[in-house]
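Q: The structure is given below, and queries will be raised subsequently.
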Amino acid sequence: MAKISSQTELQVDQKLWRTLGVKAMKIETPKTQEISNILWAFAKVKQSAPELFDSMIPKIQLNLDTVATKDMANAVGHEFSPQELSNIVWAYATVGHAKDMANAVGHEFSPQELSNIVWAYATVGHANDDLFAAVAESATKKIDAFNAQDISNTVWAFATLGYESPDLFKAVAKTTITKLDTFNPQALTNTLWAYATVGHESPDLFEAVAERIINNLDVFNAQDISNTIWAYAKVGHESPALFEAVAKTAIKKLGVFNAQKLANTVWAYATMGYESPDLFEAVEEAAISKLDEFNAQAMTNTVWAYATIGHESPDLFEVVAERAINKLGTFNALDMSKTMWAYATIGHSSPKLFDAISHTAAEKMDTFSSQEIANTMWA
């Protein structure tokens, strides 16, 4: 009914919706989809139904608790999907009950419930300032009760949606250091990624994590490795021992690195100024074999890294030039500027590439910054 009403001029029957609201409140143990659909429907037809929305908050918690306590016998149908949680919070906001939900989140929800809610919202890409502010305040106070997964999912969600929340990140750093032994590789790397993404420097955290990672690199997969050193480079945290250890491990696993991970890896080493000839030689071979997977940014960052670190690689630069010429339509101003800079810096002559970039750059010159223009002219 709500979907049809929103798509047509079907008149909303107030009495019918009041009756439906009363019926919905009498459902003792609704499943997650039922809760989501009911609240979404009332919000869609702009029926505020305060008693219904108030009554659903403990039922939302009940479903979250069923899974949180691993009550698997009763868990079927009681595990919220990201979309269901997102729809629920959207519904509260739409009918003007956002503060009610935020207050419930802030005062009544457990660490795992808080984590699940923001994770769900970030997963579907929906920002909600009131909700995240409430979670940040509550989580900061309860952070000692968060386990590794709760912490990782929470900061990942905040970073994914661009919420910096300094007090939360500061509190998380202190707690994480005391619980590092309980973090698996993915939780560690997602936490580091979050700090790097929001630009929150935390030297003590990054130092402690580096020590932890060095002794456990064998269980890190390609994404874990790539994300880890990307994070250290992004925040500019020096850790020579970590980068040396990662290089040795990464070389053994480059066969499963995709284009983005290869590019991020050499970008991180070049950004930090860490020379690793064996790694760069191994990445060269892997990159050439997977060049069809590289997008404009990955190609650009790769040749930029080799030029920045001063590692000559004629074969790589030659095949990248051929590939780049065919994909110049996807290069933006920064990509073109950095690519020309890299070839000029390393001293690799490629007249066809420079000629192609010149023509393309001329067509897009209004998108170039002054620095990009200067770099292009210098090259």
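In the structure tokens, the first chain shown is A, the next is B, and so on; residue numbers restart at 1 for each chain, and ligands run from 1 in the order shown.
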Might you pull out every residue within 9 Å of region 322-331 of chain A, with only C-alpha atoms counted and same-chain residues fewer than 2 positions away left off, and present them as an mmCIF file with all heavy atoms, in the first residue's frame?

A:
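Final file, selection18.cif:
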```cif
data_model
loop_
_atom_site.group_PDB
_atom_site.id
_atom_site.type_symbol
_atom_site.label_atom_id
_atom_site.label_comp_id
_atom_site.auth_asym_id
_atom_site.auth_seq_id
_atom_site.Cartn_x
_atom_site.Cartn_y
_atom_site.Cartn_z
ATOM 1 N N LEU A 291 48.311 -5.929 -16.400
ATOM 2 C CA LEU A 291 48.116 -4.532 -16.764
ATOM 3 C C LEU A 291 46.715 -4.235 -17.289
ATOM 4 O O LEU A 291 46.218 -3.111 -17.157
ATOM 5 C CB LEU A 291 49.167 -4.094 -17.796
ATOM 6 C CG LEU A 291 49.454 -2.593 -17.810
ATOM 7 C CD1 LEU A 291 49.936 -2.117 -16.455
ATOM 8 C CD2 LEU A 291 50.471 -2.249 -18.880
ATOM 9 N N ASP A 292 46.066 -5.230 -17.863
ATOM 10 C CA ASP A 292 44.705 -5.011 -18.367
ATOM 11 C C ASP A 292 43.730 -4.680 -17.236
ATOM 12 O O ASP A 292 42.657 -4.125 -17.490
ATOM 13 C CB ASP A 292 44.209 -6.246 -19.133
ATOM 14 C CG ASP A 292 44.876 -6.386 -20.488
ATOM 15 O OD1 ASP A 292 45.466 -5.395 -20.954
ATOM 16 O OD2 ASP A 292 44.814 -7.481 -21.067
ATOM 17 N N ASN A 295 43.328 0.506 -13.815
ATOM 18 C CA ASN A 295 42.610 1.688 -14.283
ATOM 19 C C ASN A 295 43.599 2.858 -14.344
ATOM 20 O O ASN A 295 44.789 2.703 -14.039
ATOM 21 C CB ASN A 295 41.410 2.020 -13.391
ATOM 22 C CG ASN A 295 41.799 2.295 -11.950
ATOM 23 O OD1 ASN A 295 42.936 2.667 -11.646
ATOM 24 N ND2 ASN A 295 40.848 2.138 -11.032
ATOM 25 N N ALA A 296 43.107 4.012 -14.723
ATOM 26 C CA ALA A 296 43.990 5.167 -14.905
ATOM 27 C C ALA A 296 44.752 5.512 -13.626
ATOM 28 O O ALA A 296 45.970 5.734 -13.659
ATOM 29 C CB ALA A 296 43.174 6.364 -15.373
ATOM 30 N N GLN A 297 44.052 5.555 -12.511
ATOM 31 C CA GLN A 297 44.703 5.931 -11.254
ATOM 32 C C GLN A 297 45.754 4.918 -10.842
ATOM 33 O O GLN A 297 46.837 5.294 -10.366
ATOM 34 C CB GLN A 297 43.666 6.083 -10.142
ATOM 35 C CG GLN A 297 44.262 6.585 -8.841
ATOM 36 C CD GLN A 297 43.240 6.707 -7.730
ATOM 37 O OE1 GLN A 297 42.343 5.881 -7.627
ATOM 38 N NE2 GLN A 297 43.361 7.719 -6.895
ATOM 39 N N MET A 299 47.515 2.878 -12.810
ATOM 40 C CA MET A 299 48.686 3.029 -13.680
ATOM 41 C C MET A 299 49.502 4.246 -13.275
ATOM 42 O O MET A 299 50.735 4.189 -13.178
ATOM 43 C CB MET A 299 48.245 3.151 -15.143
ATOM 44 C CG MET A 299 47.915 1.845 -15.819
ATOM 45 S SD MET A 299 47.696 2.027 -17.609
ATOM 46 C CE MET A 299 45.997 2.598 -17.651
ATOM 47 N N THR A 300 48.808 5.349 -13.050
ATOM 48 C CA THR A 300 49.488 6.590 -12.678
ATOM 49 C C THR A 300 50.265 6.442 -11.385
ATOM 50 O O THR A 300 51.441 6.812 -11.292
ATOM 51 C CB THR A 300 48.456 7.725 -12.531
ATOM 52 O OG1 THR A 300 47.809 7.934 -13.776
ATOM 53 C CG2 THR A 300 49.119 9.013 -12.084
ATOM 54 N N PHE A 317 57.485 0.587 -17.832
ATOM 55 C CA PHE A 317 57.129 1.896 -18.379
ATOM 56 C C PHE A 317 56.711 1.794 -19.849
ATOM 57 O O PHE A 317 55.849 2.549 -20.303
ATOM 58 C CB PHE A 317 58.282 2.885 -18.197
ATOM 59 C CG PHE A 317 58.282 3.563 -16.847
ATOM 60 C CD1 PHE A 317 58.570 2.843 -15.685
ATOM 61 C CD2 PHE A 317 57.975 4.903 -16.727
ATOM 62 C CE1 PHE A 317 58.563 3.455 -14.435
ATOM 63 C CE2 PHE A 317 57.962 5.529 -15.482
ATOM 64 C CZ PHE A 317 58.252 4.801 -14.330
ATOM 65 N N GLU A 318 57.303 0.865 -20.564
ATOM 66 C CA GLU A 318 56.960 0.705 -21.977
ATOM 67 C C GLU A 318 55.543 0.175 -22.140
ATOM 68 O O GLU A 318 54.751 0.697 -22.932
ATOM 69 C CB GLU A 318 57.953 -0.243 -22.656
ATOM 70 C CG GLU A 318 57.947 -0.165 -24.166
ATOM 71 C CD GLU A 318 58.326 1.210 -24.687
ATOM 72 O OE1 GLU A 318 59.189 1.869 -24.092
ATOM 73 O OE2 GLU A 318 57.713 1.635 -25.685
ATOM 74 N N VAL A 319 55.191 -0.856 -21.374
ATOM 75 C CA VAL A 319 53.855 -1.433 -21.524
ATOM 76 C C VAL A 319 52.783 -0.510 -20.931
ATOM 77 O O VAL A 319 51.652 -0.468 -21.430
ATOM 78 C CB VAL A 319 53.765 -2.843 -20.877
ATOM 79 C CG1 VAL A 319 54.655 -3.829 -21.617
ATOM 80 C CG2 VAL A 319 54.108 -2.816 -19.398
ATOM 81 N N VAL A 320 53.133 0.232 -19.879
ATOM 82 C CA VAL A 320 52.171 1.189 -19.327
ATOM 83 C C VAL A 320 51.878 2.282 -20.353
ATOM 84 O O VAL A 320 50.727 2.705 -20.518
ATOM 85 C CB VAL A 320 52.696 1.811 -18.017
ATOM 86 C CG1 VAL A 320 51.846 3.032 -17.631
ATOM 87 C CG2 VAL A 320 52.659 0.794 -16.885
ATOM 88 N N ALA A 333 42.986 15.183 -15.071
ATOM 89 C CA ALA A 333 44.123 16.096 -15.132
ATOM 90 C C ALA A 333 45.287 15.621 -14.260
ATOM 91 O O ALA A 333 46.450 15.652 -14.678
ATOM 92 C CB ALA A 333 43.687 17.496 -14.717
ATOM 93 N N LEU A 334 44.960 15.172 -13.047
ATOM 94 C CA LEU A 334 46.009 14.715 -12.132
ATOM 95 C C LEU A 334 46.717 13.490 -12.683
ATOM 96 O O LEU A 334 47.944 13.379 -12.602
ATOM 97 C CB LEU A 334 45.410 14.412 -10.757
ATOM 98 C CG LEU A 334 46.390 13.941 -9.685
ATOM 99 C CD1 LEU A 334 47.466 14.992 -9.434
ATOM 100 C CD2 LEU A 334 45.638 13.630 -8.387
ATOM 101 N N ASP A 335 45.950 12.549 -13.237
ATOM 102 C CA ASP A 335 46.545 11.343 -13.815
ATOM 103 C C ASP A 335 47.530 11.700 -14.926
ATOM 104 O O ASP A 335 48.647 11.173 -14.986
ATOM 105 C CB ASP A 335 45.460 10.425 -14.385
ATOM 106 C CG ASP A 335 44.514 9.892 -13.330
ATOM 107 O OD1 ASP A 335 44.938 9.744 -12.176
ATOM 108 O OD2 ASP A 335 43.342 9.629 -13.667
ATOM 109 N N MET A 336 47.121 12.573 -15.831
ATOM 110 C CA MET A 336 47.988 12.941 -16.949
ATOM 111 C C MET A 336 49.238 13.664 -16.468
ATOM 112 O O MET A 336 50.355 13.383 -16.919
ATOM 113 C CB MET A 336 47.211 13.810 -17.943
ATOM 114 C CG MET A 336 46.191 13.034 -18.759
ATOM 115 S SD MET A 336 45.386 14.040 -20.034
ATOM 116 C CE MET A 336 44.066 14.770 -19.075
ATOM 117 N N LYS A 352 55.226 8.787 -28.254
ATOM 118 C CA LYS A 352 53.822 8.536 -28.575
ATOM 119 C C LYS A 352 52.917 8.859 -27.381
ATOM 120 O O LYS A 352 51.838 9.433 -27.552
ATOM 121 C CB LYS A 352 53.629 7.081 -29.007
ATOM 122 C CG LYS A 352 54.230 6.748 -30.370
ATOM 123 C CD LYS A 352 53.926 5.304 -30.745
ATOM 124 C CE LYS A 352 54.498 4.964 -32.121
ATOM 125 N NZ LYS A 352 54.207 3.544 -32.491
ATOM 126 N N LEU A 353 53.359 8.485 -26.183
ATOM 127 C CA LEU A 353 52.564 8.765 -24.989
ATOM 128 C C LEU A 353 52.466 10.270 -24.753
ATOM 129 O O LEU A 353 51.379 10.801 -24.505
ATOM 130 C CB LEU A 353 53.169 8.076 -23.761
ATOM 131 C CG LEU A 353 52.501 8.409 -22.417
ATOM 132 C CD1 LEU A 353 51.059 7.941 -22.406
ATOM 133 C CD2 LEU A 353 53.278 7.786 -21.255
ATOM 134 N N ALA A 356 50.169 11.863 -27.254
ATOM 135 C CA ALA A 356 48.761 11.555 -26.977
ATOM 136 C C ALA A 356 48.254 12.357 -25.777
ATOM 137 O O ALA A 356 47.137 12.898 -25.800
ATOM 138 C CB ALA A 356 48.598 10.062 -26.727
ATOM 139 N N ILE A 357 49.078 12.443 -24.720
ATOM 140 C CA ILE A 357 48.674 13.197 -23.541
ATOM 141 C C ILE A 357 48.541 14.682 -23.872
ATOM 142 O O ILE A 357 47.614 15.358 -23.401
ATOM 143 C CB ILE A 357 49.672 12.987 -22.382
ATOM 144 C CG1 ILE A 357 49.538 11.561 -21.815
ATOM 145 C CG2 ILE A 357 49.410 14.001 -21.264
ATOM 146 C CD1 ILE A 357 50.480 11.255 -20.664
ATOM 147 N N THR A 360 45.213 15.235 -25.525
ATOM 148 C CA THR A 360 44.104 15.051 -24.574
ATOM 149 C C THR A 360 44.089 16.159 -23.530
ATOM 150 O O THR A 360 43.022 16.669 -23.159
ATOM 151 C CB THR A 360 44.214 13.677 -23.873
ATOM 152 O OG1 THR A 360 44.249 12.648 -24.862
ATOM 153 C CG2 THR A 360 43.028 13.441 -22.949
#
```

Q: Could you find all residues in region 145-219 of chain A that DSSP calls helix (DSSP H, G or I) from the backbone, and write them as a ChimeraX atom specification?

A: /A:145,148-160,166-178,180-182,185-198,203-214,217-219

Q: Considering only C-alpha atoms, can you say which of A:Ile35, A:Ile213, A:Met377, A:Ala231 comes closest to Thr249 (chain A)?

A: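 Ranked by minimum distance to Thr249 (chain A), first place goes to A:Ile213.
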
Q: Separation of CA of Leu188 (chain A) and CA of Phe294 (chain A), in Å?

A: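 So the answer is 26.9 Å.
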